[in-house]
$ cat work.txt   # compact mmCIF, C-alpha atoms and all ligand atoms
# COMPACT_ATOMS: atom_id res chain seq x y z
CA MET A 14 7.77 -21.69 -14.25
CA ARG A 15 6.57 -22.25 -10.72
CA ILE A 16 6.49 -19.26 -8.39
CA ASP A 17 5.84 -19.47 -4.64
CA VAL A 18 5.39 -16.38 -2.47
CA VAL A 19 5.43 -16.45 1.34
CA THR A 20 3.90 -13.36 2.95
CA ILE A 21 1.75 -12.18 5.86
CA PHE A 22 -0.41 -10.31 3.33
CA PRO A 23 -1.43 -12.88 0.67
CA SER A 24 -4.04 -10.54 -0.81
CA TYR A 25 -1.22 -8.13 -1.78
CA LEU A 26 -0.26 -10.63 -4.50
CA GLN A 27 -3.74 -10.74 -6.05
CA PRO A 28 -2.71 -8.40 -8.92
CA LEU A 29 -0.58 -11.26 -10.29
CA ARG A 30 -3.81 -12.93 -11.29
CA GLU A 31 -5.01 -9.97 -13.38
CA ALA A 32 -4.58 -9.17 -17.07
CA LEU A 33 -1.52 -10.46 -18.96
CA LEU A 34 -0.08 -12.41 -16.05
CA GLY A 35 -3.49 -13.80 -15.16
CA ARG A 36 -3.85 -15.07 -18.71
CA ALA A 37 -0.35 -16.57 -18.60
CA ILE A 38 -1.40 -18.45 -15.44
CA ASP A 39 -4.66 -19.59 -17.06
CA ARG A 40 -2.64 -20.84 -20.04
CA GLY A 41 -0.26 -22.77 -17.77
CA LEU A 42 2.81 -20.73 -18.75
CA LEU A 43 3.18 -19.74 -15.14
CA GLU A 44 2.08 -21.25 -11.84
CA VAL A 45 1.77 -18.97 -8.81
CA ALA A 46 1.16 -20.19 -5.26
CA VAL A 47 0.84 -17.67 -2.41
CA HIS A 48 1.34 -18.86 1.18
CA ASP A 49 0.35 -17.08 4.39
CA LEU A 50 3.36 -17.07 6.72
CA ARG A 51 1.01 -17.12 9.71
CA ASP A 52 0.00 -20.67 8.77
CA TRP A 53 3.35 -21.70 10.33
CA THR A 54 2.79 -19.98 13.66
CA HIS A 55 1.61 -22.02 16.66
CA ASP A 56 0.71 -19.38 19.20
CA VAL A 57 -2.69 -17.83 19.66
CA HIS A 58 -1.38 -14.41 18.57
CA GLN A 59 0.26 -15.90 15.45
CA ALA A 60 3.33 -13.79 16.22
CA VAL A 61 5.75 -13.46 13.32
CA ASP A 62 8.05 -10.80 14.77
CA ASP A 63 9.91 -9.93 17.94
CA SER A 64 12.18 -7.16 19.22
CA PRO A 65 15.74 -6.95 17.88
CA TYR A 66 18.78 -8.20 19.84
CA GLY A 67 21.11 -5.28 20.41
CA GLY A 68 18.17 -2.91 20.67
CA GLY A 69 17.15 -0.36 18.06
CA PRO A 70 13.82 0.60 16.52
CA GLY A 71 11.30 -1.75 14.95
CA MET A 72 10.88 -5.50 15.02
CA VAL A 73 12.56 -8.47 13.37
CA MET A 74 10.78 -11.44 11.79
CA ARG A 75 11.22 -14.59 13.87
CA PRO A 76 13.45 -17.40 12.53
CA GLN A 77 11.30 -20.31 13.77
CA VAL A 78 8.25 -19.29 11.73
CA TRP A 79 10.23 -18.59 8.55
CA GLY A 80 12.26 -21.76 9.02
CA GLU A 81 9.19 -23.98 9.16
CA ALA A 82 7.50 -22.17 6.28
CA LEU A 83 10.52 -22.46 4.00
CA ASP A 84 11.06 -26.11 5.02
CA ASP A 85 7.60 -26.85 3.66
CA VAL A 86 7.60 -24.55 0.64
CA LEU A 87 11.12 -25.52 -0.48
CA ALA A 88 10.52 -29.20 0.30
CA THR A 89 10.23 -30.28 -3.35
CA PRO A 90 13.75 -31.67 -4.00
CA ASP A 91 12.87 -32.44 -7.62
CA LEU A 92 12.47 -28.78 -8.50
CA PRO A 93 15.70 -26.90 -7.67
CA ALA A 94 14.51 -23.61 -6.24
CA ARG A 95 15.99 -20.18 -5.89
CA LEU A 96 14.99 -18.24 -2.77
CA VAL A 97 14.57 -14.54 -3.45
CA VAL A 98 14.35 -12.01 -0.63
CA PRO A 99 13.46 -8.44 -1.67
CA THR A 100 15.29 -6.01 0.61
CA PRO A 101 16.66 -2.46 0.48
CA ALA A 102 20.00 -4.07 1.42
CA GLY A 103 20.04 -6.33 -1.63
CA ARG A 104 22.02 -6.46 -4.88
CA PRO A 105 20.33 -4.48 -7.65
CA PHE A 106 17.58 -6.27 -9.56
CA THR A 107 18.09 -5.42 -13.24
CA GLN A 108 16.83 -6.57 -16.63
CA ALA A 109 19.81 -8.94 -16.65
CA THR A 110 18.52 -10.48 -13.40
CA ALA A 111 15.07 -10.84 -14.96
CA HIS A 112 16.56 -12.64 -17.97
CA ALA A 113 18.60 -14.97 -15.74
CA TRP A 114 15.59 -15.84 -13.57
CA ALA A 115 13.37 -16.40 -16.62
CA ALA A 116 15.46 -19.51 -17.24
CA GLU A 117 14.76 -20.89 -13.77
CA GLU A 118 12.18 -23.66 -13.23
CA ARG A 119 11.18 -22.30 -9.84
CA LEU A 120 11.40 -19.10 -7.80
CA VAL A 121 10.40 -18.82 -4.14
CA PHE A 122 9.92 -15.26 -2.82
CA ALA A 123 10.11 -14.47 0.90
CA CYS A 124 8.39 -11.18 1.71
CA GLY A 125 10.02 -9.49 4.68
CA ARG A 126 8.43 -6.73 6.74
CA TYR A 127 9.36 -4.66 9.76
CA GLU A 128 13.18 -4.34 9.98
CA GLY A 129 13.72 -7.59 8.16
CA ILE A 130 14.06 -11.34 8.64
CA ASP A 131 16.40 -12.89 11.23
CA GLU A 132 19.69 -13.42 9.37
CA ARG A 133 19.90 -17.06 10.46
CA VAL A 134 16.98 -17.93 8.16
CA LEU A 135 19.11 -17.07 5.13
CA LEU A 136 22.23 -18.67 6.62
CA ASP A 137 20.30 -21.89 7.28
CA ALA A 138 18.86 -21.95 3.73
CA ARG A 139 22.30 -21.40 2.18
CA ALA A 140 23.78 -24.10 4.46
CA ARG A 141 21.19 -26.47 3.01
CA GLY A 142 22.39 -25.70 -0.50
CA ILE A 143 19.62 -23.33 -1.47
CA THR A 144 20.59 -20.35 -3.64
CA VAL A 145 19.47 -17.24 -1.76
CA ASP A 146 19.32 -13.92 -3.64
CA GLU A 147 18.82 -10.78 -1.58
CA VAL A 148 17.79 -8.20 -4.18
CA SER A 149 16.78 -4.57 -4.23
CA ILE A 150 14.40 -3.05 -6.79
CA GLY A 151 15.61 0.45 -5.91
CA ASP A 152 17.20 2.75 -3.35
CA TYR A 153 14.17 3.41 -1.19
CA VAL A 154 12.48 1.59 1.67
CA LEU A 155 9.07 -0.06 1.32
CA VAL A 156 6.97 -1.39 4.18
CA GLY A 157 7.28 -4.95 2.93
CA GLY A 158 8.59 -7.11 0.10
CA GLU A 159 5.21 -7.82 -1.52
CA VAL A 160 5.26 -4.86 -3.91
CA ALA A 161 8.84 -5.69 -4.91
CA VAL A 162 7.70 -9.25 -5.68
CA LEU A 163 4.97 -7.90 -7.98
CA VAL A 164 7.61 -5.85 -9.80
CA MET A 165 10.06 -8.72 -10.18
CA VAL A 166 7.48 -11.35 -11.14
CA GLU A 167 6.13 -9.06 -13.87
CA ALA A 168 9.65 -8.32 -15.18
CA VAL A 169 10.47 -12.05 -15.29
CA ALA A 170 7.13 -13.41 -16.51
CA ARG A 171 6.98 -11.08 -19.53
CA LEU A 172 10.19 -12.74 -20.75
CA LEU A 173 8.71 -16.25 -20.66
CA PRO A 174 7.93 -17.69 -24.11
CA GLY A 175 4.30 -17.13 -25.06
CA VAL A 176 3.49 -14.58 -22.37
CA LEU A 177 3.92 -11.47 -24.49
CA GLY A 178 1.86 -11.32 -27.67
CA ASN A 179 4.78 -9.85 -29.57
CA PRO A 180 8.07 -11.48 -28.50
CA ARG A 181 10.10 -8.85 -30.38
CA SER A 182 9.07 -6.22 -27.85
CA ALA A 183 10.81 -8.11 -25.04
CA ALA A 184 13.98 -8.33 -27.09
CA GLU A 185 13.80 -4.67 -28.10
CA ASP A 186 12.63 -3.08 -24.91
CA SER A 187 14.63 -0.61 -22.85
CA PHE A 188 18.07 -1.79 -21.76
CA SER A 189 18.18 -4.52 -24.39
CA ASP A 190 20.96 -2.53 -26.11
CA GLY A 191 22.08 -0.91 -22.90
CA LEU A 192 20.35 2.38 -23.68
CA LEU A 193 17.06 3.92 -22.56
CA GLU A 194 14.16 3.71 -24.97
CA GLY A 195 13.63 6.90 -26.99
CA PRO A 196 10.28 8.67 -27.58
CA SER A 197 7.33 6.90 -29.26
CA TYR A 198 4.48 8.28 -31.39
CA THR A 199 1.23 7.06 -32.88
CA ARG A 200 -1.72 8.63 -34.77
CA PRO A 201 -2.81 11.36 -35.31
CA GLU A 202 0.08 12.94 -37.26
CA VAL A 203 -0.65 16.28 -35.61
CA TRP A 204 -2.17 16.55 -32.13
CA ARG A 205 -2.69 19.89 -30.36
CA GLU A 206 -0.49 21.44 -33.10
CA LEU A 207 2.32 19.00 -32.25
CA ALA A 208 3.50 16.99 -35.26
CA VAL A 209 5.13 13.56 -35.33
CA PRO A 210 8.84 13.94 -36.36
CA ASP A 211 9.02 13.85 -40.19
CA VAL A 212 11.61 11.07 -40.35
CA LEU A 213 9.15 8.66 -38.71
CA ARG A 214 6.47 9.37 -41.28
CA GLY A 215 8.81 8.64 -44.16
CA GLY A 216 9.82 5.22 -45.38
CA ASN A 217 13.57 5.51 -44.97
CA HIS A 218 14.18 2.71 -42.46
CA ALA A 219 17.91 3.40 -42.14
CA ALA A 220 17.17 7.06 -41.33
CA ILE A 221 14.47 5.97 -38.85
CA ALA A 222 16.86 3.56 -37.11
CA ARG A 223 19.53 6.30 -36.92
CA TRP A 224 17.05 8.84 -35.58
CA ARG A 225 15.80 6.40 -32.92
CA ARG A 226 19.34 5.54 -31.84
CA ASP A 227 20.23 9.23 -31.60
CA ARG A 228 17.18 9.91 -29.42
CA ALA A 229 18.04 6.90 -27.21
CA LEU A 230 21.65 8.11 -26.82
CA GLU A 231 20.49 11.66 -26.08
CA ARG A 232 18.02 10.47 -23.43
CA THR A 233 20.53 8.07 -21.87
CA ARG A 234 23.19 10.79 -21.67
CA ASP A 235 20.67 13.12 -20.04
CA ARG A 236 18.96 10.73 -17.59
CA ARG A 237 21.30 7.79 -17.03
CA PRO A 238 24.95 8.67 -17.77
CA ASP A 239 25.84 5.67 -15.58
CA LEU A 240 24.41 3.35 -18.24
CA LEU A 241 26.63 4.96 -20.87
CA ASP A 242 29.69 4.49 -18.68
CA ALA A 243 28.70 0.83 -18.25
CA LEU A 244 28.72 0.34 -22.03
CA GLY A 245 32.06 -0.83 -23.41
CA PRO A 246 34.08 1.81 -25.28
CA ASP A 247 33.42 0.06 -28.61
CA ALA A 248 29.66 -0.04 -27.96
CA LEU A 249 29.30 3.41 -29.52
CA ASP A 250 30.36 3.88 -33.13
CA ALA A 251 31.46 7.21 -34.65
CA ALA A 252 27.90 8.11 -35.62
CA ASP A 253 26.81 7.43 -32.03
CA ARG A 254 29.51 9.68 -30.64
CA ALA A 255 28.45 12.43 -33.02
CA ALA A 256 24.84 12.19 -31.82
C1 LIG B 301 13.65 -8.28 4.08
O1 LIG B 301 13.51 -7.20 4.95
C2 LIG B 301 12.83 -6.08 4.51
C3 LIG B 301 12.73 -5.00 5.38
C4 LIG B 301 12.04 -3.85 5.00
C5 LIG B 301 11.44 -3.77 3.75
C6 LIG B 301 11.54 -4.84 2.89
C7 LIG B 301 10.89 -4.75 1.55
O2 LIG B 301 11.82 -4.49 0.51
C8 LIG B 301 12.11 -3.15 0.26
O3 LIG B 301 11.78 -2.25 0.99
C9 LIG B 301 12.88 -2.90 -0.97
C10 LIG B 301 13.27 -3.84 -1.91
N1 LIG B 301 13.95 -3.17 -2.88
N2 LIG B 301 14.01 -1.86 -2.56
C11 LIG B 301 13.36 -1.66 -1.39
C12 LIG B 301 12.24 -6.01 3.25
$ encode --input "work.txt" --output "structure tokens" --more "lines below"
Ligand SMILES: COc1cccc(COC(=O)c2cn[nH]c2)c1
Amino acid sequence: MRIDVVTIFPSYLQPLREALLGRAIDRGLLEVAVHDLRDWTHDVHQAVDDSPYGGGPGMVMRPQVWGEALDDVLATPDLPARLVVPTPAGRPFTQATAHAWAAEERLVFACGRYEGIDERVLLDARARGITVDEVSIGDYVLVGGEVAVLVMVEAVARLLPGVLGNPRSAAEDSFSDGLLEGPSYTRPEVWRELAVPDVLRGGNHAAIARWRRDRALERTRDRRPDLLDALGPDALDAADRAA
């Protein structure tokens, strides 16, 4: 997968080159190119923003600069690209989104700052047949899209074949069955007088699976009842409902 990121703070994307993702890049499973938006300015101040039509606080990112940048970055017709714009006003980014994007050959991320990017940049891209996804990683406002790109790239890259040491963990992680992950334990058996639940130390795998499902249901009911509602009525069997 090829990932391009356009930003006025290229160094913000440096963490992508660390650890697991860094190794995935070294192994050629992932290619990441970061572009400085200011490279497409032509004025001495390298201005990327201007005041908003209609008034109001803050600044808006200028269409000319973004237009030229995306013309260049998206210019490879052979690789169909998806343009992703992180924004508080976007559709929710979920594990399902991550799975869908993991199948893409190429993702281009546009990092907005200030009050956002002039709407015509997205209209122009869509008019040229480019898929544009405005996505939110949560209901809060960041200063810019860079951190959201780190989040989304990590969520997508870990799903790529060969990136995770143990592929089962991607298939079995939280949300894979629509529920939150339950509690986990490792050695020692007793730590600060707290013991690991007996069922987990036994060998009864059916009992362990039941116990884990019950804990996941309990936690999901408590923390994310919305996820339970989203599950189809037949997603929970009688034993689940009794949990
Ligand atoms: C594109 O315009 C803007 C404007 C302001 C901030 C940002 C960065 O994204 C977020 O703040 C965000 C993403 N998901 N949840 C919050 C983008």
$ closest_residue --input "work.txt" --among "A:Gly157, A:Pro65, A:Pro23, A:Gly216" --to "ligand LIG 301 (chain B)" --atoms "all atoms listed in the file"
A:Gly157
$ closest_residue --input "work.txt" --among "A:Gly71, A:Gly245, A:Gly80, A:Pro210" --to "ligand LIG 301 (chain B)" --atoms "all atoms listed in the file"
A:Gly71
$ residues_near_ligand --input "work.txt" --ligand "ligand LIG 301 (chain B)" --cutoff "6 Å" --atoms "all atoms listed in the file" --output "PDB file with C-alpha atoms, in the frame of the given file"
ATOM      1  CA  PRO A  99      13.460  -8.440  -1.670  1.00  0.00           C
ATOM      2  CA  THR A 100      15.290  -6.010   0.610  1.00  0.00           C
ATOM      3  CA  PRO A 101      16.660  -2.460   0.480  1.00  0.00           C
ATOM      4  CA  GLY A 125      10.020  -9.490   4.680  1.00  0.00           C
ATOM      5  CA  ARG A 126       8.430  -6.730   6.740  1.00  0.00           C
ATOM      6  CA  TYR A 127       9.360  -4.660   9.760  1.00  0.00           C
ATOM      7  CA  GLU A 128      13.180  -4.340   9.980  1.00  0.00           C
ATOM      8  CA  GLY A 129      13.720  -7.590   8.160  1.00  0.00           C
ATOM      9  CA  ILE A 130      14.060 -11.340   8.640  1.00  0.00           C
ATOM     10  CA  SER A 149      16.780  -4.570  -4.230  1.00  0.00           C
ATOM     11  CA  ILE A 150      14.400  -3.050  -6.790  1.00  0.00           C
ATOM     12  CA  GLY A 151      15.610   0.450  -5.910  1.00  0.00           C
ATOM     13  CA  ASP A 152      17.200   2.750  -3.350  1.00  0.00           C
ATOM     14  CA  TYR A 153      14.170   3.410  -1.190  1.00  0.00           C
ATOM     15  CA  VAL A 154      12.480   1.590   1.670  1.00  0.00           C
ATOM     16  CA  LEU A 155       9.070  -0.060   1.320  1.00  0.00           C
ATOM     17  CA  VAL A 156       6.970  -1.390   4.180  1.00  0.00           C
ATOM     18  CA  GLY A 157       7.280  -4.950   2.930  1.00  0.00           C
ATOM     19  CA  GLY A 158       8.590  -7.110   0.100  1.00  0.00           C
ATOM     20  CA  ALA A 161       8.840  -5.690  -4.910  1.00  0.00           C
TER      21      ALA A 161
END
$ closest_residue --input "work.txt" --among "A:Leu193, A:Ala252, A:Glu202, A:Asp39" --to "Leu230 of chain A" --atoms "all atoms listed in the file"
A:Leu193
$ closest_residue --input "work.txt" --among "A:Leu192, A:Leu34, A:Val148, A:Val166" --to "Ala243 of chain A" --atoms "all atoms listed in the file"
A:Leu192
$ closest_residue --input "work.txt" --among "A:Val203, A:Val78, A:Val164, A:Leu87" --to "Asp56 of chain A" --atoms "all atoms listed in the file"
A:Val78
$ closest_residue --input "work.txt" --among "A:Asp52, A:Glu118, A:Asp63, A:Glu231" --to "Leu92 of chain A" --atoms "only C-alpha atoms"
A:Glu118
$ residues_around --input "work.txt" --residues "Arg15 of chain A" --least-positions-apart "6" --cutoff "7 Å" --atoms "only C-alpha atoms" --output "VMD selection string"
chain A and resid 43 to 45 118 to 120
$ build_atoms --input "work.txt" --residues "segment 230-242 of chain A" --atoms "N, CA, C and O atoms" --output "compact mmCIF listing (two decimals), in the coordinates of the input"
# COMPACT_ATOMS: atom_id res chain seq x y z
N LEU A 230 20.37 7.67 -27.36
CA LEU A 230 21.65 8.11 -26.82
C LEU A 230 21.49 9.42 -26.07
O LEU A 230 21.95 9.60 -24.94
N GLU A 231 20.73 10.34 -26.68
CA GLU A 231 20.49 11.66 -26.08
C GLU A 231 19.82 11.50 -24.71
O GLU A 231 20.27 12.05 -23.70
N ARG A 232 18.80 10.65 -24.68
CA ARG A 232 18.02 10.47 -23.43
C ARG A 232 18.87 9.78 -22.37
O ARG A 232 18.84 10.13 -21.18
N THR A 233 19.68 8.80 -22.82
CA THR A 233 20.53 8.07 -21.87
C THR A 233 21.59 8.99 -21.29
O THR A 233 21.83 9.01 -20.09
N ARG A 234 22.19 9.82 -22.15
CA ARG A 234 23.19 10.79 -21.67
C ARG A 234 22.57 11.71 -20.62
O ARG A 234 23.14 12.00 -19.58
N ASP A 235 21.33 12.13 -20.90
CA ASP A 235 20.67 13.12 -20.04
C ASP A 235 20.20 12.50 -18.72
O ASP A 235 20.40 13.06 -17.65
N ARG A 236 19.63 11.28 -18.79
CA ARG A 236 18.96 10.73 -17.59
C ARG A 236 19.80 9.66 -16.88
O ARG A 236 19.68 9.50 -15.67
N ARG A 237 20.58 8.93 -17.65
CA ARG A 237 21.30 7.79 -17.03
C ARG A 237 22.73 7.70 -17.57
O ARG A 237 23.13 6.71 -18.18
N PRO A 238 23.56 8.72 -17.30
CA PRO A 238 24.95 8.67 -17.77
C PRO A 238 25.69 7.43 -17.24
O PRO A 238 26.59 6.92 -17.88
N ASP A 239 25.21 6.88 -16.12
CA ASP A 239 25.84 5.67 -15.58
C ASP A 239 25.71 4.49 -16.54
O ASP A 239 26.61 3.66 -16.66
N LEU A 240 24.59 4.45 -17.28
CA LEU A 240 24.41 3.35 -18.24
C LEU A 240 25.41 3.49 -19.39
O LEU A 240 25.93 2.50 -19.89
N LEU A 241 25.68 4.73 -19.77
CA LEU A 241 26.63 4.96 -20.87
C LEU A 241 28.03 4.52 -20.43
O LEU A 241 28.74 3.85 -21.17
N ASP A 242 28.35 4.88 -19.18
CA ASP A 242 29.69 4.49 -18.68
C ASP A 242 29.81 2.97 -18.65
O ASP A 242 30.88 2.42 -18.89
